[in-house]
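> Quick one: the structure is below, questions incoming.
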Amino acid sequence: MTPAQKIKWAILIGINEPSLLPTELVTGERVDELYDEAIEQDLDHDTVYEFSSGEVETSIPSESSRHYESKSVAAKMPDGSWVGWTYWYGGGKHGEPEAIEWIEGAYDLDLKEEMKMVLVREFTKKE
């Protein structure tokens, strides 16, 4: 399954369509069909835009534009993998970053996770 198809799958699950996509029957083609049907039936675009902000910010360099701000974000997909993409925001009063196609630019990620202990010191002036 492509990164874009994984995102579509996650969005469909997010709009309460998991019964249409039992994990054992999921295929990229089926996800594309169901997502296209949801778009035709007025898929809640707010849900898609909310998902576009991602679950976590990554340190991967993002695409850029002179009209909008951007950052690389990622989310864990229903199959346990991680997918990343560029999240577009800003643009001022007349900006429309939600109109930028972001799903097709998604990419698979490898994740290395480790727990670190951090010492934090906070100083205040004595009275």
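Quick note on naming: the chains in the structure tokens go A, B, ... in the order shown, residues restart at 1 in each chain, and ligands are numbered from 1 in order of appearance.
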Excluding Phe51 (chain A) and residues on its chain fewer than 4 positions from it, collect all residues at most 12 Å away from it, counting only C-alpha atoms, and give them as JSON, numbers by chain.
{"A": [7, 8, 9, 10, 11, 12, 13, 14, 15, 44, 45, 46, 47, 55, 56, 73, 74, 75, 76, 77, 84, 85, 86, 87, 88, 98, 102, 103]}
> Those selected residues, please, written with N, CA and C atoms and delivered as an mmCIF file, in the first residue's frame.

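Contents of result.cif, as written:
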data_model
loop_
_atom_site.group_PDB
_atom_site.id
_atom_site.type_symbol
_atom_site.label_atom_id
_atom_site.label_comp_id
_atom_site.auth_asym_id
_atom_site.auth_seq_id
_atom_site.Cartn_x
_atom_site.Cartn_y
_atom_site.Cartn_z
ATOM 1 N N ILE A 7 -2.789 6.975 4.351
ATOM 2 C CA ILE A 7 -3.418 8.180 4.911
ATOM 3 C C ILE A 7 -4.925 8.159 4.657
ATOM 4 N N LYS A 8 -5.324 7.796 3.461
ATOM 5 C CA LYS A 8 -6.754 7.719 3.145
ATOM 6 C C LYS A 8 -7.444 6.705 4.052
ATOM 7 N N TRP A 9 -6.785 5.577 4.302
ATOM 8 C CA TRP A 9 -7.317 4.550 5.201
ATOM 9 C C TRP A 9 -7.509 5.128 6.596
ATOM 10 N N ALA A 10 -6.505 5.839 7.106
ATOM 11 C CA ALA A 10 -6.596 6.435 8.440
ATOM 12 C C ALA A 10 -7.720 7.471 8.505
ATOM 13 N N ILE A 11 -7.877 8.262 7.451
ATOM 14 C CA ILE A 11 -8.947 9.266 7.417
ATOM 15 C C ILE A 11 -10.308 8.584 7.413
ATOM 16 N N LEU A 12 -10.470 7.536 6.630
ATOM 17 C CA LEU A 12 -11.742 6.808 6.596
ATOM 18 C C LEU A 12 -12.074 6.226 7.967
ATOM 19 N N ILE A 13 -11.078 5.693 8.648
ATOM 20 C CA ILE A 13 -11.310 5.174 9.994
ATOM 21 C C ILE A 13 -11.703 6.321 10.918
ATOM 22 N N GLY A 14 -11.078 7.475 10.728
ATOM 23 C CA GLY A 14 -11.383 8.644 11.553
ATOM 24 C C GLY A 14 -12.785 9.187 11.370
ATOM 25 N N ILE A 15 -13.390 8.924 10.217
ATOM 26 C CA ILE A 15 -14.768 9.401 10.012
ATOM 27 C C ILE A 15 -15.763 8.260 10.195
ATOM 28 N N ASP A 44 -16.308 15.109 5.058
ATOM 29 C CA ASP A 44 -16.075 16.267 5.917
ATOM 30 C C ASP A 44 -14.641 16.761 5.721
ATOM 31 N N HIS A 45 -14.488 17.858 4.992
ATOM 32 C CA HIS A 45 -13.157 18.375 4.672
ATOM 33 C C HIS A 45 -12.432 18.890 5.911
ATOM 34 N N ASP A 46 -13.166 19.251 6.954
ATOM 35 C CA ASP A 46 -12.526 19.661 8.206
ATOM 36 C C ASP A 46 -11.748 18.492 8.811
ATOM 37 N N THR A 47 -12.306 17.292 8.701
ATOM 38 C CA THR A 47 -11.629 16.100 9.212
ATOM 39 C C THR A 47 -10.319 15.876 8.474
ATOM 40 N N GLU A 55 0.376 13.993 13.642
ATOM 41 C CA GLU A 55 0.378 13.552 15.037
ATOM 42 C C GLU A 55 1.609 14.102 15.758
ATOM 43 N N VAL A 56 2.743 14.100 15.052
ATOM 44 C CA VAL A 56 3.994 14.613 15.604
ATOM 45 C C VAL A 56 4.740 15.389 14.525
ATOM 46 N N VAL A 73 5.476 16.685 9.185
ATOM 47 C CA VAL A 73 4.735 16.020 10.250
ATOM 48 C C VAL A 73 4.573 14.546 9.895
ATOM 49 N N ALA A 74 4.139 13.770 10.872
ATOM 50 C CA ALA A 74 3.941 12.338 10.655
ATOM 51 C C ALA A 74 2.808 11.837 11.533
ATOM 52 N N ALA A 75 2.300 10.666 11.186
ATOM 53 C CA ALA A 75 1.274 10.010 11.994
ATOM 54 C C ALA A 75 1.430 8.502 11.853
ATOM 55 N N LYS A 76 1.012 7.809 12.895
ATOM 56 C CA LYS A 76 1.026 6.347 12.875
ATOM 57 C C LYS A 76 -0.217 5.883 12.133
ATOM 58 N N MET A 77 -0.030 4.984 11.202
ATOM 59 C CA MET A 77 -1.120 4.495 10.370
ATOM 60 C C MET A 77 -1.787 3.265 10.990
ATOM 61 N N GLY A 84 4.888 10.246 6.676
ATOM 62 C CA GLY A 84 5.136 11.669 6.847
ATOM 63 C C GLY A 84 4.700 12.465 5.636
ATOM 64 N N TRP A 85 4.522 13.774 5.801
ATOM 65 C CA TRP A 85 4.134 14.663 4.715
ATOM 66 C C TRP A 85 4.416 16.102 5.130
ATOM 67 N N THR A 86 4.223 17.025 4.218
ATOM 68 C CA THR A 86 4.392 18.448 4.512
ATOM 69 C C THR A 86 3.052 19.039 4.915
ATOM 70 N N TYR A 87 3.038 19.696 6.078
ATOM 71 C CA TYR A 87 1.840 20.386 6.558
ATOM 72 C C TYR A 87 1.994 21.863 6.216
ATOM 73 N N TRP A 88 1.020 22.407 5.492
ATOM 74 C CA TRP A 88 1.034 23.811 5.063
ATOM 75 C C TRP A 88 0.098 24.613 5.951
ATOM 76 N N GLU A 98 -5.178 25.006 3.142
ATOM 77 C CA GLU A 98 -5.889 23.726 3.098
ATOM 78 C C GLU A 98 -6.189 23.271 1.675
ATOM 79 N N TRP A 102 -1.689 17.598 -0.318
ATOM 80 C CA TRP A 102 -0.615 17.106 0.545
ATOM 81 C C TRP A 102 -0.560 15.586 0.616
ATOM 82 N N ILE A 103 -1.665 14.925 0.370
ATOM 83 C CA ILE A 103 -1.712 13.467 0.512
ATOM 84 C C ILE A 103 -0.797 12.777 -0.496
#
> Within 8 Å of Ala4 (chain A), counting only C-alpha atoms, which residues show up once you throw out same-chain ones fewer than 6 positions away? Write them as a PyMOL selection string, please.
chain A and resi 103-107
> Mind writing the picked residues with C-alpha atoms as a JSON list (two decimals), in the first residue's frame?

[["chain", "number", "residue", "atom", "x", "y", "z"],
["A", 103, "ILE", "CA", -1.71, 13.47, 0.51],
["A", 104, "GLU", "CA", -0.01, 12.55, -2.77],
["A", 105, "GLY", "CA", 3.31, 13.92, -1.47],
["A", 106, "ALA", "CA", 3.32, 11.59, 1.54],
["A", 107, "TYR", "CA", 6.25, 9.26, 2.20]]
> I need the residues in chain A that are alpha helix (DSSP H) according to DSSP; give them as a PyMOL selection string.
chain A and resi 3-14+28-40+45-52
> Write out, as a PDB file, in the first residue's frame, the residues just selected, with C-alpha atoms.

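The resulting file, part.pdb, is reproduced below:
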ATOM      1  CA  PRO A   3       1.773   6.180   1.790  1.00  0.00           C
ATOM      2  CA  ALA A   4      -1.148   8.121   0.259  1.00  0.00           C
ATOM      3  CA  GLN A   5      -3.404   5.067   0.518  1.00  0.00           C
ATOM      4  CA  LYS A   6      -2.416   4.580   4.167  1.00  0.00           C
ATOM      5  CA  ILE A   7      -3.418   8.180   4.911  1.00  0.00           C
ATOM      6  CA  LYS A   8      -6.754   7.719   3.145  1.00  0.00           C
ATOM      7  CA  TRP A   9      -7.317   4.550   5.201  1.00  0.00           C
ATOM      8  CA  ALA A  10      -6.596   6.435   8.440  1.00  0.00           C
ATOM      9  CA  ILE A  11      -8.947   9.266   7.417  1.00  0.00           C
ATOM     10  CA  LEU A  12     -11.742   6.808   6.596  1.00  0.00           C
ATOM     11  CA  ILE A  13     -11.310   5.174   9.994  1.00  0.00           C
ATOM     12  CA  GLY A  14     -11.383   8.644  11.553  1.00  0.00           C
ATOM     13  CA  GLY A  28      -4.808  -0.112  -1.692  1.00  0.00           C
ATOM     14  CA  GLU A  29      -7.366  -0.288  -4.477  1.00  0.00           C
ATOM     15  CA  ARG A  30     -10.255  -0.745  -2.025  1.00  0.00           C
ATOM     16  CA  VAL A  31      -9.062   2.223   0.056  1.00  0.00           C
ATOM     17  CA  ASP A  32      -8.888   4.411  -3.067  1.00  0.00           C
ATOM     18  CA  GLU A  33     -12.427   3.372  -4.078  1.00  0.00           C
ATOM     19  CA  LEU A  34     -13.907   4.068  -0.637  1.00  0.00           C
ATOM     20  CA  TYR A  35     -12.076   7.380  -0.278  1.00  0.00           C
ATOM     21  CA  ASP A  36     -13.263   8.538  -3.712  1.00  0.00           C
ATOM     22  CA  GLU A  37     -16.826   7.565  -2.775  1.00  0.00           C
ATOM     23  CA  ALA A  38     -16.511   9.520   0.483  1.00  0.00           C
ATOM     24  CA  ILE A  39     -15.276  12.588  -1.448  1.00  0.00           C
ATOM     25  CA  GLU A  40     -18.249  12.319  -3.820  1.00  0.00           C
ATOM     26  CA  HIS A  45     -13.157  18.375   4.672  1.00  0.00           C
ATOM     27  CA  ASP A  46     -12.526  19.661   8.206  1.00  0.00           C
ATOM     28  CA  THR A  47     -11.629  16.100   9.212  1.00  0.00           C
ATOM     29  CA  VAL A  48      -9.139  15.861   6.354  1.00  0.00           C
ATOM     30  CA  TYR A  49      -7.624  19.253   7.209  1.00  0.00           C
ATOM     31  CA  GLU A  50      -7.337  18.347  10.900  1.00  0.00           C
ATOM     32  CA  PHE A  51      -5.572  15.115   9.968  1.00  0.00           C
ATOM     33  CA  SER A  52      -3.164  17.072   7.745  1.00  0.00           C
TER      34      SER A  52
END
> Residues of chain A in strand (DSSP E) according to DSSP, as a ChimeraX atom specification?
/A:56-57,69-76,82-89,107-109
> Would you mind reading off the distance between CA of Ile100 (chain A) and CA of Thr2 (chain A), one decimal, in Å?
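CA of Ile100 (chain A) sits 19.5 Å away from CA of Thr2 (chain A).
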> I'd like the interatomic distance between CA of Asp79 (chain A) and CA of Met1 (chain A), to a tenth of an Å.
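Spanning CA of Asp79 (chain A) to CA of Met1 (chain A) is a straight-line distance of 10.1 Å.
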> Rounded to one decimal place, report the CA of Thr27 (chain A)-CA of Ser53 (chain A) distance in Å.
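Spanning CA of Thr27 (chain A) to CA of Ser53 (chain A) is a straight-line distance of 25.0 Å.
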> Name the residues in contact with Asp110 (chain A) at a cut-off of 9 Å, using only C-alpha atoms, excluding same-chain residues fewer than 3 positions from it; report them as an MDAnalysis selection string.
chainID A and resid 81:83
> Which residues come within 12 Å of Gly91 (chain A), counting only C-alpha atoms, excluding same-chain residues fewer than 4 positions away, as a list in words?
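After dropping sequence-adjacent residues, the list is Ser65, Arg66, His67, Tyr68, Glu69, Ser70, Gly95, Glu96, Pro97, Glu98, Ala99 and Ile100 of chain A.
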